[in-house]
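A.B. asks: First the structure, then my questions, so here it is.
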Amino acid sequence: MRETKATKVYQFNETGAIVTSPLFASRPAAGFPAPADDLVERVLDINDLIVKNPASTFFVRVEGDSMEGAGIFSGDVLAVDRAVTPKDGSIVLAAVYGELVVKRLKQKGETHVLMSENEAYEPIVVSENDDCYIWGVVVGSVRIF
């Protein structure tokens with residue numbers, strides 16, 4: 001088992017080339033195939049779905065299994081927004097003693113606990129004196145099969 005860590009960080013770039021895919025008006029059934037539908041509703045841009053604050057949003061690819069209970073798996077790409085204020089229960093990207101980790105934030109008075117969503121991992125208890133910095137709140141994820 002491996003702790004869920006960020007392995008690559010990508011900054012959202014409004015001026016860069018955006019790869020888009022068509023979004024079809026029909027929704028395919030999970031059972032029997034639907035007839036072909038050539039009606040394109042609009043062009044789908046993943047940024048439209050999960051990026052609300054382009055200037056403060058970046059993407060990270062994660063590695064490890066400590067957040068599988070929250071539906072975050074090794075290889076997923078997470079959208080992290082620095083403009084969102086972390087609150088109790090938020091999933092955050094945090095730098096703990098120089099290492100980036102993805103955890104659920106639990107606030108207990110002046111103490112913060114970074115919780116895994118896998119019972120095999122112990123919580124990380126941090127106080128004001130510890131080397132811990134919240135980089136941002138996870139606002140979306142993408143899984144590529």
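Residue numbers start at 1 in each chain; chains themselves are named A, B, ... in the order of the structure tokens; ligands are numbered from 1 in the order shown.
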Within 10 Å of range 137-143 of chain A, counting only C-alpha atoms, which residues qualify if same-chain residues fewer than 4 places away don't, as a count of residues only?
C.D. replies: 36
A.B. asks: I want to know what sits within 7 Å of Glu117 in chain A, based on only C-alpha atoms, with residues of the same chain fewer than 6 positions away left out; could you give that as an MDAnalysis selection string?
C.D. replies: chainID A and resid 66:70
A.B. asks: Which is closer to Gln107 in chain A than all the others in A:Leu44, A:Ala120, A:Ala95, A:Val125, using only C-alpha atoms?
C.D. replies: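 Smallest separation from Gln107 in chain A among the options: A:Val125.
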A.B. asks: For the structure I just gave you, how does DSSP split range 58-130 of chain A - specifically, which residues are strand (DSSP E)? Reply as an MDAnalysis selection string.
C.D. replies: chainID A and resid 58:63 77:81 91:96 99:108 111:115 124:126
A.B. asks: Dump N, CA, C and O atoms for the selected residues as a CSV table (one decimal), in the first residue's frame?
C.D. replies:
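Output file part.csv is given in full below:
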```csv
chain,number,residue,atom,x,y,z
A,58,PHE,N,-5.1,24.4,-10.4
A,58,PHE,CA,-4.0,23.7,-11.1
A,58,PHE,C,-4.4,22.2,-11.0
A,58,PHE,O,-5.4,21.8,-10.3
A,59,PHE,N,-3.7,21.4,-11.7
A,59,PHE,CA,-4.0,19.9,-11.7
A,59,PHE,C,-2.8,19.1,-11.2
A,59,PHE,O,-1.7,19.5,-11.4
A,60,VAL,N,-3.1,18.1,-10.5
A,60,VAL,CA,-2.1,17.2,-10.0
A,60,VAL,C,-2.5,15.7,-10.3
A,60,VAL,O,-3.6,15.4,-10.3
A,61,ARG,N,-1.5,14.9,-10.7
A,61,ARG,CA,-1.7,13.5,-10.8
A,61,ARG,C,-1.3,12.8,-9.5
A,61,ARG,O,-0.2,13.2,-9.0
A,62,VAL,N,-2.1,11.9,-9.0
A,62,VAL,CA,-1.8,11.3,-7.7
A,62,VAL,C,-1.4,9.9,-7.9
A,62,VAL,O,-1.6,9.2,-8.9
A,63,GLU,N,-0.7,9.4,-6.8
A,63,GLU,CA,-0.2,8.1,-6.8
A,63,GLU,C,-0.5,7.5,-5.4
A,63,GLU,O,-0.2,8.2,-4.4
A,77,VAL,N,-6.2,12.3,-12.0
A,77,VAL,CA,-5.8,13.7,-12.1
A,77,VAL,C,-6.8,14.5,-11.3
A,77,VAL,O,-8.0,14.5,-11.6
A,78,LEU,N,-6.3,15.3,-10.3
A,78,LEU,CA,-7.2,16.1,-9.5
A,78,LEU,C,-7.1,17.6,-9.9
A,78,LEU,O,-6.0,18.1,-10.1
A,79,ALA,N,-8.2,18.3,-9.9
A,79,ALA,CA,-8.3,19.7,-10.0
A,79,ALA,C,-8.2,20.3,-8.6
A,79,ALA,O,-9.1,19.9,-7.8
A,80,VAL,N,-7.3,21.2,-8.3
A,80,VAL,CA,-7.1,21.8,-7.0
A,80,VAL,C,-7.3,23.3,-7.2
A,80,VAL,O,-6.6,23.9,-8.0
A,81,ASP,N,-8.1,23.9,-6.3
A,81,ASP,CA,-8.4,25.3,-6.4
A,81,ASP,C,-7.9,26.0,-5.2
A,81,ASP,O,-8.3,25.7,-4.0
A,91,ILE,N,-11.5,17.7,1.0
A,91,ILE,CA,-10.4,17.0,0.5
A,91,ILE,C,-9.4,18.0,0.0
A,91,ILE,O,-9.7,18.9,-0.8
A,92,VAL,N,-8.2,18.0,0.6
A,92,VAL,CA,-7.2,19.0,0.3
A,92,VAL,C,-5.9,18.4,-0.2
A,92,VAL,O,-5.6,17.2,0.0
A,93,LEU,N,-5.1,19.2,-0.9
A,93,LEU,CA,-3.7,18.9,-1.2
A,93,LEU,C,-2.9,19.7,-0.2
A,93,LEU,O,-3.0,20.9,-0.1
A,94,ALA,N,-2.1,19.0,0.5
A,94,ALA,CA,-1.3,19.6,1.6
A,94,ALA,C,0.2,19.2,1.4
A,94,ALA,O,0.5,18.1,1.0
A,95,ALA,N,1.1,20.2,1.8
A,95,ALA,CA,2.5,19.9,1.8
A,95,ALA,C,2.8,19.6,3.3
A,95,ALA,O,2.7,20.5,4.1
A,96,VAL,N,3.2,18.4,3.6
A,96,VAL,CA,3.5,18.0,5.0
A,96,VAL,C,5.0,17.7,5.0
A,96,VAL,O,5.4,16.7,4.4
A,99,GLU,N,6.4,17.1,1.6
A,99,GLU,CA,5.8,16.1,0.7
A,99,GLU,C,4.3,16.4,0.5
A,99,GLU,O,3.6,16.7,1.4
A,100,LEU,N,3.9,16.4,-0.8
A,100,LEU,CA,2.5,16.7,-1.2
A,100,LEU,C,1.7,15.4,-0.9
A,100,LEU,O,2.0,14.4,-1.5
A,101,VAL,N,0.6,15.6,-0.2
A,101,VAL,CA,-0.3,14.5,0.1
A,101,VAL,C,-1.8,15.0,-0.1
A,101,VAL,O,-2.1,16.2,0.0
A,102,VAL,N,-2.6,14.0,-0.5
A,102,VAL,CA,-4.1,14.3,-0.6
A,102,VAL,C,-4.8,13.7,0.6
A,102,VAL,O,-4.6,12.5,0.8
A,103,LYS,N,-5.5,14.5,1.3
A,103,LYS,CA,-6.2,14.0,2.5
A,103,LYS,C,-7.5,14.7,2.8
A,103,LYS,O,-7.7,15.8,2.2
A,104,ARG,N,-8.3,14.1,3.6
A,104,ARG,CA,-9.5,14.8,4.1
A,104,ARG,C,-9.2,15.6,5.3
A,104,ARG,O,-8.6,15.1,6.3
A,105,LEU,N,-9.5,16.9,5.3
A,105,LEU,CA,-9.2,17.8,6.5
A,105,LEU,C,-10.3,17.7,7.5
A,105,LEU,O,-11.5,17.8,7.3
A,106,LYS,N,-9.9,17.4,8.8
A,106,LYS,CA,-10.7,17.4,9.9
A,106,LYS,C,-10.2,18.5,10.9
A,106,LYS,O,-9.0,18.4,11.2
A,107,GLN,N,-11.0,19.4,11.3
A,107,GLN,CA,-10.6,20.4,12.3
A,107,GLN,C,-11.1,20.1,13.6
A,107,GLN,O,-12.3,19.9,13.8
A,108,LYS,N,-10.2,20.1,14.6
A,108,LYS,CA,-10.6,19.9,16.0
A,108,LYS,C,-10.0,21.0,16.8
A,108,LYS,O,-8.8,20.9,17.3
A,111,THR,N,-6.3,22.3,16.4
A,111,THR,CA,-5.5,21.2,15.8
A,111,THR,C,-6.3,20.7,14.5
A,111,THR,O,-7.5,20.7,14.4
A,112,HIS,N,-5.5,20.4,13.5
A,112,HIS,CA,-6.0,19.9,12.2
A,112,HIS,C,-5.5,18.5,12.0
A,112,HIS,O,-4.4,18.2,12.4
A,113,VAL,N,-6.4,17.6,11.5
A,113,VAL,CA,-6.0,16.2,11.3
A,113,VAL,C,-6.3,16.0,9.8
A,113,VAL,O,-7.3,16.3,9.2
A,114,LEU,N,-5.3,15.4,9.1
A,114,LEU,CA,-5.3,15.0,7.7
A,114,LEU,C,-5.6,13.5,7.7
A,114,LEU,O,-4.8,12.7,8.1
A,115,MET,N,-6.8,13.2,7.3
A,115,MET,CA,-7.3,11.8,7.3
A,115,MET,C,-7.2,11.1,6.0
A,115,MET,O,-7.6,11.7,5.0
A,124,ILE,N,-2.8,12.1,10.1
A,124,ILE,CA,-1.6,13.0,10.3
A,124,ILE,C,-2.2,14.2,11.1
A,124,ILE,O,-3.0,15.0,10.7
A,125,VAL,N,-1.7,14.3,12.4
A,125,VAL,CA,-2.2,15.4,13.3
A,125,VAL,C,-1.1,16.5,13.1
A,125,VAL,O,0.1,16.3,13.3
A,126,VAL,N,-1.6,17.7,12.8
A,126,VAL,CA,-0.8,18.9,12.6
A,126,VAL,C,-1.2,20.0,13.5
A,126,VAL,O,-2.4,20.2,13.7
```
A.B. asks: Quick check, in Å to one decimal: how far apart do CA of Asn53 in chain A and CA of Asp88 in chain A lie?
C.D. replies: 21.1 Å
